[in-house]
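**Student:** So I've got this file, work_20.pdb, and it contains PDB, C-alpha atoms, pLDDT in the B column:
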ATOM      1  CA  MET F  20      17.004  31.000   7.561  1.00 85.00           C
ATOM      2  CA  GLU F  21      17.519  30.118  11.236  1.00 95.00           C
ATOM      3  CA  GLU F  22      20.002  27.340  12.039  1.00 97.00           C
ATOM      4  CA  LYS F  23      21.618  25.752  15.088  1.00 97.00           C
ATOM      5  CA  GLU F  24      24.968  23.935  15.001  1.00 98.00           C
ATOM      6  CA  ILE F  25      24.348  20.334  16.054  1.00 98.00           C
ATOM      7  CA  GLY F  26      27.457  18.400  15.035  1.00 98.00           C
ATOM      8  CA  GLN F  27      30.685  17.994  13.130  1.00 98.00           C
ATOM      9  CA  VAL F  28      31.820  15.619  10.392  1.00 98.00           C
ATOM     10  CA  VAL F  29      34.312  13.045  11.679  1.00 97.00           C
ATOM     11  CA  ASP F  30      34.594  10.896   8.525  1.00 97.00           C
ATOM     12  CA  PHE F  31      33.006  10.364   5.098  1.00 96.00           C
ATOM     13  CA  PHE F  32      32.530   7.056   3.300  1.00 95.00           C
ATOM     14  CA  THR F  33      32.357   7.759  -0.432  1.00 94.00           C
ATOM     15  CA  HIS F  34      31.316   4.267  -1.536  1.00 94.00           C
ATOM     16  CA  VAL F  35      28.041   4.490   0.431  1.00 94.00           C
ATOM     17  CA  ASN F  36      27.643   8.307   0.734  1.00 95.00           C
ATOM     18  CA  VAL F  37      27.477   8.135   4.520  1.00 96.00           C
ATOM     19  CA  VAL F  38      28.923  10.726   6.860  1.00 97.00           C
ATOM     20  CA  ALA F  39      30.088   9.922  10.408  1.00 98.00           C
ATOM     21  CA  VAL F  40      29.005  12.717  12.742  1.00 98.00           C
ATOM     22  CA  LYS F  41      29.691  13.612  16.380  1.00 97.00           C
ATOM     23  CA  LEU F  42      26.429  15.160  17.620  1.00 98.00           C
ATOM     24  CA  PHE F  43      26.290  18.122  20.044  1.00 97.00           C
ATOM     25  CA  GLU F  44      22.458  18.212  19.945  1.00 97.00           C
ATOM     26  CA  GLU F  45      19.698  15.716  19.129  1.00 97.00           C
ATOM     27  CA  LEU F  46      18.805  14.845  15.534  1.00 98.00           C
ATOM     28  CA  SER F  47      15.803  12.990  14.112  1.00 98.00           C
ATOM     29  CA  VAL F  48      14.871  11.420  10.788  1.00 98.00           C
ATOM     30  CA  GLY F  49      12.890  14.080   8.907  1.00 98.00           C
ATOM     31  CA  ASP F  50      14.956  17.014  10.210  1.00 98.00           C
ATOM     32  CA  ARG F  51      16.487  19.354   7.626  1.00 98.00           C
ATOM     33  CA  ILE F  52      20.236  19.822   7.949  1.00 98.00           C
ATOM     34  CA  HIS F  53      22.705  22.243   6.388  1.00 98.00           C
ATOM     35  CA  ILE F  54      26.253  20.941   5.957  1.00 98.00           C
ATOM     36  CA  LYS F  55      28.835  23.717   5.620  1.00 98.00           C
ATOM     37  CA  GLY F  56      32.570  23.719   5.209  1.00 97.00           C
ATOM     38  CA  HIS F  57      35.408  25.199   3.143  1.00 95.00           C
ATOM     39  CA  THR F  58      34.018  23.716  -0.109  1.00 96.00           C
ATOM     40  CA  THR F  59      30.800  22.113   1.179  1.00 96.00           C
ATOM     41  CA  ASP F  60      27.436  23.906   1.329  1.00 98.00           C
ATOM     42  CA  PHE F  61      24.125  22.073   0.896  1.00 98.00           C
ATOM     43  CA  ILE F  62      20.810  21.415   2.638  1.00 97.00           C
ATOM     44  CA  GLN F  63      19.020  18.072   2.753  1.00 98.00           C
ATOM     45  CA  GLU F  64      16.415  16.168   4.732  1.00 98.00           C
ATOM     46  CA  VAL F  65      17.709  13.423   7.058  1.00 98.00           C
ATOM     47  CA  THR F  66      16.374  10.144   5.645  1.00 97.00           C
ATOM     48  CA  SER F  67      18.528   7.676   7.590  1.00 96.00           C
ATOM     49  CA  ILE F  68      20.406   7.685  10.911  1.00 98.00           C
ATOM     50  CA  GLN F  69      22.439   4.763  12.219  1.00 97.00           C
ATOM     51  CA  ILE F  70      24.210   4.109  15.508  1.00 97.00           C
ATOM     52  CA  GLU F  71      26.596   1.133  15.487  1.00 95.00           C
ATOM     53  CA  HIS F  72      25.045  -0.026  12.158  1.00 93.00           C
ATOM     54  CA  GLN F  73      21.519  -0.053  13.665  1.00 97.00           C
ATOM     55  CA  ALA F  74      18.857   2.226  12.178  1.00 97.00           C
ATOM     56  CA  VAL F  75      17.356   4.704  14.652  1.00 98.00           C
ATOM     57  CA  ILE F  76      14.695   7.398  14.389  1.00 98.00           C
ATOM     58  CA  LYS F  77      16.371   9.822  16.814  1.00 98.00           C
ATOM     59  CA  ALA F  78      19.894  10.341  18.178  1.00 98.00           C
ATOM     60  CA  LYS F  79      20.900  12.407  21.190  1.00 97.00           C
ATOM     61  CA  ALA F  80      23.738  14.781  22.024  1.00 97.00           C
ATOM     62  CA  GLY F  81      27.015  12.897  22.415  1.00 97.00           C
ATOM     63  CA  ASP F  82      26.065  10.115  19.989  1.00 97.00           C
ATOM     64  CA  ASP F  83      28.331   9.147  17.100  1.00 97.00           C
ATOM     65  CA  VAL F  84      26.020   8.538  14.147  1.00 98.00           C
ATOM     66  CA  GLY F  85      26.067   7.736  10.461  1.00 98.00           C
ATOM     67  CA  ILE F  86      23.840   9.814   8.176  1.00 97.00           C
ATOM     68  CA  LYS F  87      23.136   9.136   4.494  1.00 96.00           C
ATOM     69  CA  VAL F  88      23.992  12.260   2.457  1.00 97.00           C
ATOM     70  CA  THR F  89      23.352  13.393  -1.099  1.00 95.00           C
ATOM     71  CA  GLU F  90      26.699  15.133  -1.693  1.00 96.00           C
ATOM     72  CA  ARG F  91      30.357  14.766  -0.764  1.00 95.00           C
ATOM     73  CA  VAL F  92      31.376  16.171   2.619  1.00 97.00           C
ATOM     74  CA  ARG F  93      34.742  16.616   4.268  1.00 96.00           C
ATOM     75  CA  HIS F  94      36.279  16.028   7.683  1.00 95.00           C
ATOM     76  CA  GLY F  95      35.633  19.020   9.925  1.00 96.00           C
ATOM     77  CA  ASP F  96      32.546  20.290   8.059  1.00 98.00           C
ATOM     78  CA  LYS F  97      29.886  21.630  10.420  1.00 98.00           C
ATOM     79  CA  ILE F  98      26.326  20.276  10.597  1.00 98.00           C
ATOM     80  CA  PHE F  99      23.473  22.655  11.333  1.00 98.00           C
ATOM     81  CA  LYS F 100      19.809  21.848  11.946  1.00 98.00           C
ATOM     82  CA  VAL F 101      17.493  24.149   9.962  1.00 97.00           C
ATOM     83  CA  ILE F 102      15.033  25.475  12.554  1.00 94.00           C
ATOM     84  CA  ALA F 103      13.072  27.932  10.381  1.00 81.00           C
ATOM     85  CA  ASP F 104      13.182  29.027   6.733  1.00 72.00           C
TER
END
Could I get this structure in the form of structure tokens?
**Tutor:**
Amino acid sequence: MEEKEIGQVVDFFTHVNVVAVKLFEELSVGDRIHIKGHTTDFIQEVTSIQIEHQAVIKAKAGDDVGIKVTERVRHGDKIFKVIAD
């Protein structure tokens, strides 16, 4: 599987399963991401991205975004975009 690091987890909100991410590269709804850390390791499709509580379809490098996730993540986990299986 080919992946490219695109961001890092800044915070995680357990009550809504949303992760705050600092992006190094662009990210779009529909992209597949792999979140990896010391105890975190899962792949999911991006179904929701928000910037300042506003839903967006695409975010660019440098944006601070919120992404809905299916599992718990931790501060410092790395976010990779799955480029090819």
**Student:** Enter the distance from CA of His57 in chain F to CA of Glu90 in chain F, in Å, rounded to one decimal.
**Tutor:**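 Taking CA of His57 in chain F as the start and CA of Glu90 in chain F as the end point, the length is 14.2 Å.
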**Student:** List the residues matched by the PyMOL selection byres ((chain F and resi 26) around 6) in the displayed structure as a list of chain:residue names, ordered by chain and then by residue number.
**Tutor:**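 Selected by the PyMOL selection byres ((chain F and resi 26) around 6) here: F:Ile25, F:Gln27, F:Lys41, F:Leu42, F:Phe43, F:Ile98.
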**Student:** Can those selected residues be exported to a file as an mmCIF file, keeping the file's coordinate frame so that it contains C-alpha atoms?
**Tutor:**
data_model
loop_
_atom_site.group_PDB
_atom_site.id
_atom_site.type_symbol
_atom_site.label_atom_id
_atom_site.label_comp_id
_atom_site.auth_asym_id
_atom_site.auth_seq_id
_atom_site.Cartn_x
_atom_site.Cartn_y
_atom_site.Cartn_z
ATOM 1 C CA ILE F 25 24.348 20.334 16.054
ATOM 2 C CA GLN F 27 30.685 17.994 13.130
ATOM 3 C CA LYS F 41 29.691 13.612 16.380
ATOM 4 C CA LEU F 42 26.429 15.160 17.620
ATOM 5 C CA PHE F 43 26.290 18.122 20.044
ATOM 6 C CA ILE F 98 26.326 20.276 10.597
#
**Student:** Could you tell me which of F:Ile62, F:Val37, F:Val29, F:Ile70 comes closest to Val88 in chain F if we count all atoms listed in the file?
**Tutor:**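 Looking only at the distances to Val88 in chain F, the closest residue turns out to be F:Val37.
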**Student:** Tell me which of F:His34, F:Arg91, F:Met20, F:Gly81 sits closest to Phe61 in chain F, counting all atoms listed in the file.
**Tutor:**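 That would be F:Arg91, the residue with the smallest distance to Phe61 in chain F.
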**Student:** Name the residues captured by the PyMOL selection byres ((chain F and resi 99) around 6) when it is applied to the shown file; answer as an mmCIF file with C-alpha atoms, in the coordinates of the input.
**Tutor:**
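Contents of part26.cif, as written:
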data_model
loop_
_atom_site.group_PDB
_atom_site.id
_atom_site.type_symbol
_atom_site.label_atom_id
_atom_site.label_comp_id
_atom_site.auth_asym_id
_atom_site.auth_seq_id
_atom_site.Cartn_x
_atom_site.Cartn_y
_atom_site.Cartn_z
ATOM 1 C CA GLU F 22 20.002 27.340 12.039
ATOM 2 C CA LYS F 23 21.618 25.752 15.088
ATOM 3 C CA GLU F 24 24.968 23.935 15.001
ATOM 4 C CA ILE F 25 24.348 20.334 16.054
ATOM 5 C CA ILE F 52 20.236 19.822 7.949
ATOM 6 C CA HIS F 53 22.705 22.243 6.388
ATOM 7 C CA ILE F 98 26.326 20.276 10.597
ATOM 8 C CA LYS F 100 19.809 21.848 11.946
#
**Student:** The PyMOL selection byres ((chain F and resi 30) around 9) on the file shown: which residues, as a PyMOL selection string?
**Tutor:** chain F and resi 28-29+31-32+37-40+92-95
**Student:** Only C-alpha atoms, please: the residues just picked out, written as a PDB file, in the frame of the given file.
**Tutor:**
ATOM      1  CA  VAL F  28      31.820  15.619  10.392  1.00 98.00           C
ATOM      2  CA  VAL F  29      34.312  13.045  11.679  1.00 97.00           C
ATOM      3  CA  PHE F  31      33.006  10.364   5.098  1.00 96.00           C
ATOM      4  CA  PHE F  32      32.530   7.056   3.300  1.00 95.00           C
ATOM      5  CA  VAL F  37      27.477   8.135   4.520  1.00 96.00           C
ATOM      6  CA  VAL F  38      28.923  10.726   6.860  1.00 97.00           C
ATOM      7  CA  ALA F  39      30.088   9.922  10.408  1.00 98.00           C
ATOM      8  CA  VAL F  40      29.005  12.717  12.742  1.00 98.00           C
ATOM      9  CA  VAL F  92      31.376  16.171   2.619  1.00 97.00           C
ATOM     10  CA  ARG F  93      34.742  16.616   4.268  1.00 96.00           C
ATOM     11  CA  HIS F  94      36.279  16.028   7.683  1.00 95.00           C
ATOM     12  CA  GLY F  95      35.633  19.020   9.925  1.00 96.00           C
TER      13      GLY F  95
END
**Student:** Any idea what the distance is between CA of Val84 in chain F and CA of Glu71 in chain F?
**Tutor:** 7.5 Å
**Student:** My list of candidates is F:Thr58, F:Glu44, F:Glu21, F:Thr33. Which is closest to Asp83 in chain F when distances are computed with only C-alpha atoms?
**Tutor:**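 Among F:Thr58, F:Glu44, F:Glu21, F:Thr33, it is F:Glu44 that comes nearest to Asp83 in chain F.
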**Student:** Considering all atoms listed in the file, can you say which of F:Gln73, F:Thr59, F:Thr89, F:Thr66 comes closest to Ser47 in chain F?
**Tutor:** F:Thr66
**Student:** Which residue gives the smallest distance to Ser67 in chain F among F:Asp82, F:Lys55, F:Lys97, F:Asn36, with only C-alpha atoms counted?
**Tutor:**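 The closest residue to Ser67 in chain F is F:Asn36.
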**Student:** Tell me, in Å to one decimal, how far CA of Leu46 in chain F is from CA of Lys77 in chain F.
**Tutor:**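 Computing the Euclidean distance for CA of Leu46 in chain F and CA of Lys77 in chain F yields 5.7 Å.
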**Student:** Pick out the closest residue to Ala80 in chain F from this set: F:Asp96, F:Arg51, F:Glu45, F:Asp60. Count all atoms listed in the file.
**Tutor:**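 Looking only at the distances to Ala80 in chain F, the closest residue turns out to be F:Glu45.
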